[in-house]
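Asks: What follows is structure.pdb, PDB, C-alpha atoms.
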ATOM      1  CA  MET L 839      13.369 -30.161  75.163
ATOM      2  CA  SER L 840      10.617 -27.604  74.554
ATOM      3  CA  LEU L 841       9.356 -26.081  71.329
ATOM      4  CA  ARG L 842       9.174 -22.321  71.247
ATOM      5  CA  VAL L 843       6.076 -20.986  69.572
ATOM      6  CA  LYS L 844       6.338 -17.584  67.911
ATOM      7  CA  THR L 845       4.174 -14.946  69.385
ATOM      8  CA  PRO L 846       1.719 -13.081  67.110
ATOM      9  CA  SER L 847       3.946 -10.019  67.273
ATOM     10  CA  GLU L 848       6.958 -11.983  66.015
ATOM     11  CA  GLN L 849       4.916 -13.514  63.226
ATOM     12  CA  SER L 850       3.699 -10.102  62.074
ATOM     13  CA  VAL L 851       7.295  -8.845  61.953
ATOM     14  CA  SER L 852       8.837 -11.785  60.111
ATOM     15  CA  SER L 853       6.077 -12.327  57.569
ATOM     16  CA  PRO L 854       6.420  -8.987  55.712
ATOM     17  CA  ARG L 855      10.196  -9.365  55.798
ATOM     18  CA  GLU L 856      10.008 -12.764  54.187
ATOM     19  CA  LYS L 857       7.623 -11.441  51.552
ATOM     20  CA  ALA L 858       9.957  -8.579  50.776
ATOM     21  CA  GLU L 859      12.847 -11.005  50.402
ATOM     22  CA  LYS L 860      10.852 -13.091  47.944
ATOM     23  CA  LYS L 861       9.924 -10.018  45.874
ATOM     24  CA  LYS L 862      13.468  -8.680  45.635
ATOM     25  CA  TRP L 863      14.292 -10.504  42.393
ATOM     26  CA  VAL L 864      11.046  -9.443  40.714
ATOM     27  CA  GLU L 865      11.634  -5.702  40.848
ATOM     28  CA  PRO L 866      14.969  -5.461  38.975
ATOM     29  CA  VAL L 867      13.904  -7.987  36.349
ATOM     30  CA  ALA L 868      10.547  -6.228  35.911
ATOM     31  CA  ALA L 869      12.362  -2.895  35.641
ATOM     32  CA  LEU L 870      14.611  -4.300  32.900
ATOM     33  CA  LEU L 871      11.618  -5.741  31.082
ATOM     34  CA  MET L 872       9.800  -2.401  31.319
ATOM     35  CA  ALA L 873      12.834  -0.552  29.962
ATOM     36  CA  LEU L 874      13.082  -2.898  26.981
ATOM     37  CA  ALA L 875       9.334  -2.669  26.401
ATOM     38  CA  THR L 876       9.503   1.138  26.495
ATOM     39  CA  LEU L 877      12.277   1.201  23.876
ATOM     40  CA  SER L 878      10.393  -1.299  21.736
ATOM     41  CA  THR L 879       7.200   0.755  21.992
ATOM     42  CA  ALA L 880       9.032   3.875  20.825
ATOM     43  CA  TRP L 881      10.653   1.966  17.955
ATOM     44  CA  CYS L 882       7.376   0.440  16.769
ATOM     45  CA  SER L 883       5.611   3.797  16.998
ATOM     46  CA  TYR L 884       8.321   5.397  14.875
ATOM     47  CA  GLN L 885       8.218   2.611  12.283
ATOM     48  CA  SER L 886       4.417   2.698  12.145
ATOM     49  CA  ALA L 887       4.472   6.432  11.439
ATOM     50  CA  ALA L 888       7.239   6.027   8.838
ATOM     51  CA  TRP L 889       5.379   3.296   6.952
ATOM     52  CA  THR L 890       2.167   5.329   7.126
ATOM     53  CA  ARG L 891       3.958   8.262   5.482
ATOM     54  CA  GLN L 892       5.305   5.951   2.797
ATOM     55  CA  SER L 893       1.840   4.509   2.188
ATOM     56  CA  ASN L 894       0.373   8.010   1.860
ATOM     57  CA  ARG L 895       3.132   9.057  -0.535
ATOM     58  CA  LEU L 896       2.543   6.006  -2.715
ATOM     59  CA  MET L 897      -1.200   6.610  -2.732
ATOM     60  CA  ASN L 898      -0.594  10.195  -3.884
ATOM     61  CA  GLU L 899       1.663   8.866  -6.624
ATOM     62  CA  PHE L 900      -1.026   6.354  -7.611
ATOM     63  CA  ASN L 901      -3.638   9.109  -7.864
ATOM     64  CA  SER L 902      -1.298  11.216  -9.992
ATOM     65  CA  LEU L 903      -0.559   8.311 -12.362
ATOM     66  CA  GLU L 904      -4.241   7.486 -12.656
ATOM     67  CA  ARG L 905      -5.105  11.103 -13.492
ATOM     68  CA  LYS L 906      -2.378  11.255 -16.151
ATOM     69  CA  ALA L 907      -3.555   7.987 -17.702
ATOM     70  CA  GLY L 908      -7.146   9.227 -17.736
ATOM     71  CA  LEU L 909      -6.103  12.517 -19.321
ATOM     72  CA  LEU L 910      -4.130  10.749 -22.061
ATOM     73  CA  SER L 911      -7.071   8.455 -22.795
ATOM     74  CA  LEU L 912      -9.475  11.394 -22.965
ATOM     75  CA  GLN L 913      -7.196  13.388 -25.260
ATOM     76  CA  GLY L 914      -6.747  10.359 -27.487
ATOM     77  CA  LEU L 915     -10.499   9.852 -27.770
ATOM     78  CA  GLN L 916     -11.023  13.515 -28.606
ATOM     79  CA  GLN L 917      -8.381  13.367 -31.338
ATOM     80  CA  ALA L 918      -9.850  10.124 -32.691
ATOM     81  CA  THR L 919     -13.236  11.827 -32.871
ATOM     82  CA  ILE L 920     -11.736  14.669 -34.928
ATOM     83  CA  HIS L 921      -9.908  12.244 -37.207
ATOM     84  CA  THR L 922     -13.087  10.250 -37.744
ATOM     85  CA  ALA L 923     -14.982  13.431 -38.606
ATOM     86  CA  MET L 924     -12.311  14.375 -41.156
ATOM     87  CA  PHE L 925     -12.525  10.909 -42.693
ATOM     88  CA  MET L 926     -16.285  11.195 -42.980
ATOM     89  CA  GLU L 927     -15.840  14.513 -44.788
ATOM     90  CA  VAL L 928     -13.473  12.794 -47.221
ATOM     91  CA  LEU L 929     -16.072  10.089 -47.948
ATOM     92  CA  ALA L 930     -18.788  12.707 -48.371
ATOM     93  CA  ALA L 931     -16.625  14.681 -50.825
ATOM     94  CA  LYS L 932     -15.789  11.543 -52.805
ATOM     95  CA  GLN L 933     -19.458  10.587 -52.866
ATOM     96  CA  ALA L 934     -20.264  14.014 -54.251
ATOM     97  CA  GLY L 935     -17.495  13.673 -56.844
ATOM     98  CA  ASN L 936     -15.536  16.584 -55.366
ATOM     99  CA  GLU L 937     -11.986  15.195 -55.448
ATOM    100  CA  GLN L 938     -10.481  18.610 -54.738
ATOM    101  CA  LEU L 939     -12.326  18.848 -51.416
ATOM    102  CA  ALA L 940     -11.485  15.234 -50.601
ATOM    103  CA  ASN L 941      -7.799  15.878 -51.249
ATOM    104  CA  PHE L 942      -8.042  19.021 -49.119
ATOM    105  CA  TYR L 943      -9.000  16.925 -46.077
ATOM    106  CA  VAL L 944      -6.614  14.082 -46.899
ATOM    107  CA  GLU L 945      -3.631  16.451 -47.126
ATOM    108  CA  ARG L 946      -4.481  17.726 -43.662
ATOM    109  CA  PHE L 947      -4.562  14.296 -42.065
ATOM    110  CA  PRO L 948      -1.961  13.886 -39.298
ATOM    111  CA  PRO L 949       0.847  11.449 -40.237
ATOM    112  CA  ASP L 950      -0.581   8.512 -38.292
ATOM    113  CA  VAL L 951      -4.054   9.014 -39.804
ATOM    114  CA  ARG L 952      -2.635   9.424 -43.306
ATOM    115  CA  LYS L 953      -0.667   6.210 -42.898
ATOM    116  CA  ALA L 954      -3.819   4.349 -41.803
ATOM    117  CA  TYR L 955      -5.830   5.911 -44.614
ATOM    118  CA  ASP L 956      -3.291   4.938 -47.281
ATOM    119  CA  ALA L 957      -3.129   1.388 -45.909
ATOM    120  CA  TRP L 958      -6.914   1.222 -46.011
ATOM    121  CA  LEU L 959      -7.017   2.457 -49.609
ATOM    122  CA  ALA L 960      -4.434  -0.180 -50.546
ATOM    123  CA  GLN L 961      -7.055  -2.781 -49.616
ATOM    124  CA  LYS L 962      -9.341  -1.300 -52.324
ATOM    125  CA  PRO L 963     -12.274  -0.991 -49.904
ATOM    126  CA  PHE L 964     -14.722   0.215 -52.604
ATOM    127  CA  GLU L 965     -14.156  -2.967 -54.581
ATOM    128  CA  ASN L 966     -13.014  -5.536 -52.023
ATOM    129  CA  PRO L 967     -15.780  -6.717 -49.669
ATOM    130  CA  ASN L 968     -13.177  -8.277 -47.381
ATOM    131  CA  ALA L 969     -11.407  -4.964 -46.791
ATOM    132  CA  ASP L 970     -11.541  -3.281 -43.405
ATOM    133  CA  PRO L 971     -14.665  -1.136 -43.010
ATOM    134  CA  HIS L 972     -12.654   1.985 -42.211
ATOM    135  CA  PRO L 973      -9.062   3.081 -41.450
ATOM    136  CA  PHE L 974      -9.624   3.196 -37.697
ATOM    137  CA  VAL L 975      -9.468  -0.510 -37.020
ATOM    138  CA  PRO L 976      -6.764  -1.566 -34.500
ATOM    139  CA  ASN L 977      -4.424  -3.075 -37.111
ATOM    140  CA  LEU L 978      -4.311   0.228 -39.047
ATOM    141  CA  TYR L 979      -4.823   2.974 -36.490
ATOM    142  CA  GLN L 980      -4.018   3.339 -32.829
ATOM    143  CA  ILE L 981      -5.582   6.010 -30.668
ATOM    144  CA  ARG L 982      -2.945   8.445 -29.500
ATOM    145  CA  GLY L 983      -1.840   8.028 -25.917
ATOM    146  CA  THR L 984      -3.244   4.507 -25.634
ATOM    147  CA  ARG L 985       0.141   2.879 -25.087
ATOM    148  CA  ASP L 986       1.329   5.554 -22.677
ATOM    149  CA  ALA L 987      -1.950   5.378 -20.774
ATOM    150  CA  ALA L 988      -1.633   1.585 -20.500
ATOM    151  CA  GLU L 989       1.908   1.920 -19.143
ATOM    152  CA  LEU L 990       0.777   4.521 -16.610
ATOM    153  CA  ASN L 991      -2.143   2.331 -15.541
ATOM    154  CA  SER L 992       0.195  -0.628 -15.090
ATOM    155  CA  LYS L 993       2.538   1.495 -13.007
ATOM    156  CA  ALA L 994      -0.423   2.811 -11.012
ATOM    157  CA  VAL L 995      -1.539  -0.741 -10.183
ATOM    158  CA  SER L 996       1.968  -1.620  -8.990
ATOM    159  CA  THR L 997       2.111   1.573  -6.933
ATOM    160  CA  VAL L 998      -1.213   1.000  -5.190
ATOM    161  CA  GLU L 999      -0.146  -2.549  -4.293
ATOM    162  CA  LYS L1000       3.019  -1.143  -2.704
ATOM    163  CA  ALA L1001       0.914   1.445  -0.861
ATOM    164  CA  ARG L1002      -1.366  -1.248   0.534
ATOM    165  CA  SER L1003       1.631  -3.339   1.565
ATOM    166  CA  ALA L1004       3.162  -0.336   3.352
ATOM    167  CA  GLY L1005      -0.162   0.310   5.094
ATOM    168  CA  SER L1006      -0.305  -3.314   6.227
ATOM    169  CA  ILE L1007       3.217  -3.112   7.650
ATOM    170  CA  SER L1008       2.292   0.111   9.448
ATOM    171  CA  GLY L1009      -0.708  -1.649  10.983
ATOM    172  CA  GLN L1010       1.464  -4.527  12.173
ATOM    173  CA  TYR L1011       3.913  -2.128  13.823
ATOM    174  CA  LEU L1012       0.972  -0.399  15.481
ATOM    175  CA  ALA L1013      -0.309  -3.745  16.768
ATOM    176  CA  ASN L1014       3.134  -4.465  18.209
ATOM    177  CA  THR L1015       3.022  -1.092  19.949
ATOM    178  CA  VAL L1016      -0.155  -2.197  21.699
ATOM    179  CA  LEU L1017       1.492  -5.485  22.710
ATOM    180  CA  PHE L1018       4.506  -3.707  24.198
ATOM    181  CA  ALA L1019       2.160  -1.375  26.062
ATOM    182  CA  ALA L1020       0.506  -4.452  27.564
ATOM    183  CA  VAL L1021       3.954  -5.669  28.607
ATOM    184  CA  LEU L1022       4.540  -2.381  30.420
ATOM    185  CA  PHE L1023       1.264  -2.728  32.302
ATOM    186  CA  PHE L1024       1.711  -6.327  33.435
ATOM    187  CA  ALA L1025       5.425  -5.929  34.216
ATOM    188  CA  SER L1026       4.634  -2.907  36.371
ATOM    189  CA  ALA L1027       1.728  -4.671  38.078
ATOM    190  CA  SER L1028       3.688  -7.854  38.775
ATOM    191  CA  GLY L1029       5.681  -6.168  41.541
ATOM    192  CA  ARG L1030       2.569  -4.879  43.279
ATOM    193  CA  PHE L1031       0.740  -8.131  43.934
ATOM    194  CA  GLU L1032       1.147  -9.673  47.396
ATOM    195  CA  GLN L1033       0.227 -13.205  46.382
ATOM    196  CA  ARG L1034       3.215 -14.973  44.904
ATOM    197  CA  ARG L1035       1.157 -16.974  42.398
ATOM    198  CA  VAL L1036      -0.574 -13.891  41.017
ATOM    199  CA  ARG L1037       2.738 -12.065  40.882
ATOM    200  CA  MET L1038       4.409 -14.883  38.964
ATOM    201  CA  VAL L1039       1.525 -15.251  36.532
ATOM    202  CA  ALA L1040       1.567 -11.518  35.755
ATOM    203  CA  PHE L1041       5.319 -11.497  35.267
ATOM    204  CA  ALA L1042       5.284 -14.649  33.136
ATOM    205  CA  PHE L1043       2.491 -13.212  30.987
ATOM    206  CA  ALA L1044       4.419  -9.957  30.495
ATOM    207  CA  THR L1045       7.541 -11.904  29.514
ATOM    208  CA  ALA L1046       5.642 -14.111  27.068
ATOM    209  CA  VAL L1047       3.920 -11.153  25.409
ATOM    210  CA  PHE L1048       7.250  -9.307  25.182
ATOM    211  CA  LEU L1049       8.956 -12.239  23.450
ATOM    212  CA  PHE L1050       6.003 -12.712  21.097
ATOM    213  CA  ALA L1051       5.964  -9.019  20.156
ATOM    214  CA  LEU L1052       9.753  -9.001  19.790
ATOM    215  CA  VAL L1053       9.640 -11.897  17.323
ATOM    216  CA  ARG L1054       6.846 -10.201  15.353
ATOM    217  CA  THR L1055       8.845  -6.976  15.198
ATOM    218  CA  ALA L1056      12.001  -8.775  14.054
ATOM    219  CA  THR L1057      10.162 -10.266  11.071
ATOM    220  CA  LEU L1058       8.903  -6.887   9.816
ATOM    221  CA  PRO L1059      10.857  -4.834   7.255
ATOM    222  CA  ILE L1060      12.504  -1.617   8.353
TER     223      ILE L1060
END
Here is a file; write its structure as C-alpha cells.

Replies:
Amino acid sequence: MSLRVKTPSEQSVSSPREKAEKKKWVEPVAALLMALATLSTAWCSYQSAAWTRQSNRLMNEFNSLERKAGLLSLQGLQQATIHTAMFMEVLAAKQAGNEQLANFYVERFPPDVRKAYDAWLAQKPFENPNADPHPFVPNLYQIRGTRDAAELNSKAVSTVEKARSAGSISGQYLANTVLFAAVLFFASASGRFEQRRVRMVAFAFATAVFLFALVRTATLPI
C-alpha cells in the first residue's frame, strides 16, 4: 500500500476551491446584513432630520415666547412709571393745598391704580405710621402684564426643555447612523479577507455593532 502525495499543481488547484467553499456562507449572510444596515441607516437619517426640524421649531417658539414676555414686562414697567408720576403729582397738589388739581389727576387714574389708591387712603397713610408707604406695593398694585409675562416665561422654559430633548434624540439617531455605516463597512470587508480568522472577526464585529445599534434605535422615540 502506497501513499499518493499531491503534486504542487494539484495543491494549487484544490486550495482556492476549498477556500471558496468556506466563504460561500459568508457572502449571502453579509449581503443580508448590509441590506438591513442600509435600511437602518436611511431610517436613522430620516429620524435625525425630523427631530432636528422639531428642535428648531421649538427653539423658534421659545424665542417668540421670550420676546412676548419681555415686551409685556417692558410695557408694564412703562405704565407703572406713568402711574407713579401721576401719583407724585397728586401728592404735590395736596401738599400745595390744591385739591382741585389733585382730584384732576385722581379722576384720571386707570381703574387698577384708582383701586390701589383708594385702598392706600383707607389705611390713613398721613396719620398711620404703619400704613404702606405708597399705593404701588405688591399687596395693593400689580404691574400690568406681570402675570401674563410669568406664564409666557414658564411656557418658554418648558418649550426650550422640549427643544433640547428633541436635539438630544436627533443626536442619538445621528450616532446610530454612524454605527450602521460602520456595519456596512465591516460586513462588506468580511467577504474580502482570505484569512478565515480575520474574516470571522470582521463579520462578528459587524453583527455585534448592528445588534447594538438596532437596540439603541428601538429605544428611541419616533

Asks: Please list as an MDAnalysis selection string every residue within 10 Å of L:Asn941, counting only C-alpha atoms and excluding residues in the same chain fewer than 5 positions away.

Replies: chainID L and resid 928 931:932 936 946:947

Asks: Considering only C-alpha atoms, can you say which of L:Gln961, L:Asn898, L:Thr1055, L:Ser886 comes closest to L:Ala1001?

Replies: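 For L:Ala1001, the nearest of the candidates is L:Asn898.
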
Asks: For atom CA of L:Ala1025 and atom CA of L:Ser1008, determine how far apart the two atoms are, in Å to one decimal place.

Replies: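 Going from atom CA of L:Ala1025 over to atom CA of L:Ser1008, I get 25.7 Å.
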
Asks: Going by the chain IDs and residue numbers used in this file, which residues fall under the PyMOL selection byres ((chain L and resi 991-994) around 10)? Write them as a ChimeraX atom specification.

Replies: /L:896-897,899-908,985-990,995-1000

Asks: Expand the PyMOL selection byres ((chain L and resi 1044) around 8) into the explicit residue set it covers here, and present it as JSON, numbers by chain.

Replies: {"L": [1020, 1021, 1022, 1024, 1025, 1040, 1041, 1042, 1043, 1045, 1046, 1047, 1048]}

Asks: Fewer than 4 positions away in the same chain doesn't count, so skip those; otherwise give me all residues within 7 Å of L:Thr1015, counting only C-alpha atoms, as a ChimeraX atom specification.

Replies: /L:879,882-883,1011,1019

Asks: Using only C-alpha atoms, please write the residues we just selected to a file, as a compact mmCIF listing (two decimals), in the frame of the given file.

Replies:
# COMPACT_ATOMS: atom_id res chain seq x y z
CA THR L 879 7.20 0.76 21.99
CA CYS L 882 7.38 0.44 16.77
CA SER L 883 5.61 3.80 17.00
CA TYR L 1011 3.91 -2.13 13.82
CA ALA L 1019 2.16 -1.38 26.06

Asks: One decimal, Å: what's the distance from atom CA of L:Gly1005 over to atom CA of L:Leu877, could you say?

Replies: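 We find that atom CA of L:Gly1005 and atom CA of L:Leu877 lie 22.5 Å from each other.
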
Asks: Determine the axis-aligned bounding box of all atoms of stretch 962-981 of chain L present in the file, pad each side by 3 Å, and express its centre and edge lengths in Å to one decimal place as JSON.

Replies:
{"center_x": -9.9, "center_y": -1.1, "center_z": -42.6, "size_x": 17.8, "size_y": 20.3, "size_z": 29.9}

Asks: I need the residue nearest L:Gly914 from this list: L:Gly983, L:Pro973, L:Pro967, L:Gly935. Use only C-alpha atoms for the distance.

Replies: L:Gly983

Asks: Taking into account all atoms listed in the file, which residue in the set L:Pro971, L:Pro866, L:Pro948, L:Pro1059 is nearest to L:Gln885?

Replies: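 That would be L:Pro1059, the residue with the smallest distance to L:Gln885.
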
Asks: So the first atom is atom CA of L:Asn966 and the second is atom CA of L:Glu927; what is the distance between them in Å, to one decimal place?

Replies: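 Spanning atom CA of L:Asn966 to atom CA of L:Glu927 is a straight-line distance of 21.5 Å.
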
Asks: Evaluating the PyMOL selection byres ((chain L and resi 972) around 9) on the displayed file yields which residues, as a PyMOL selection string?

Replies: chain L and resi 925+955+958+963+969-971+973-975

Asks: From the set L:Arg1054, L:Arg1035, L:Arg1030, L:Arg1002, which residue has the shortest atom-to-atom contact distance to L:Gln892, counting all atoms listed in the file?

Replies: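 When distances to L:Gln892 are compared using all atoms listed in the file, the smallest one comes from L:Arg1002.
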
Asks: Would you kindly return, as a list in words, each protein, DNA or RNA residue with an atom no farther than 10 Å from any atom of L:Met924, considering all atoms listed in the file and excluding same-chain residues fewer than 3 positions away?

Replies: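 Within the cut-off, the hits are Ala918, Thr919, Ile920, His921, Glu927, Val928, Leu929, Ala930, Ala940, Tyr943, Val944, Arg946, Phe947 and Val951 of chain L.
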
Asks: Counting all atoms listed in the file, figure out which residue out of L:Ser1026, L:Arg1034, L:Ala1051, L:Trp881 gets nearest to L:Val867.

Replies: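 Among the listed residues, L:Ser1026 lies closest to L:Val867.
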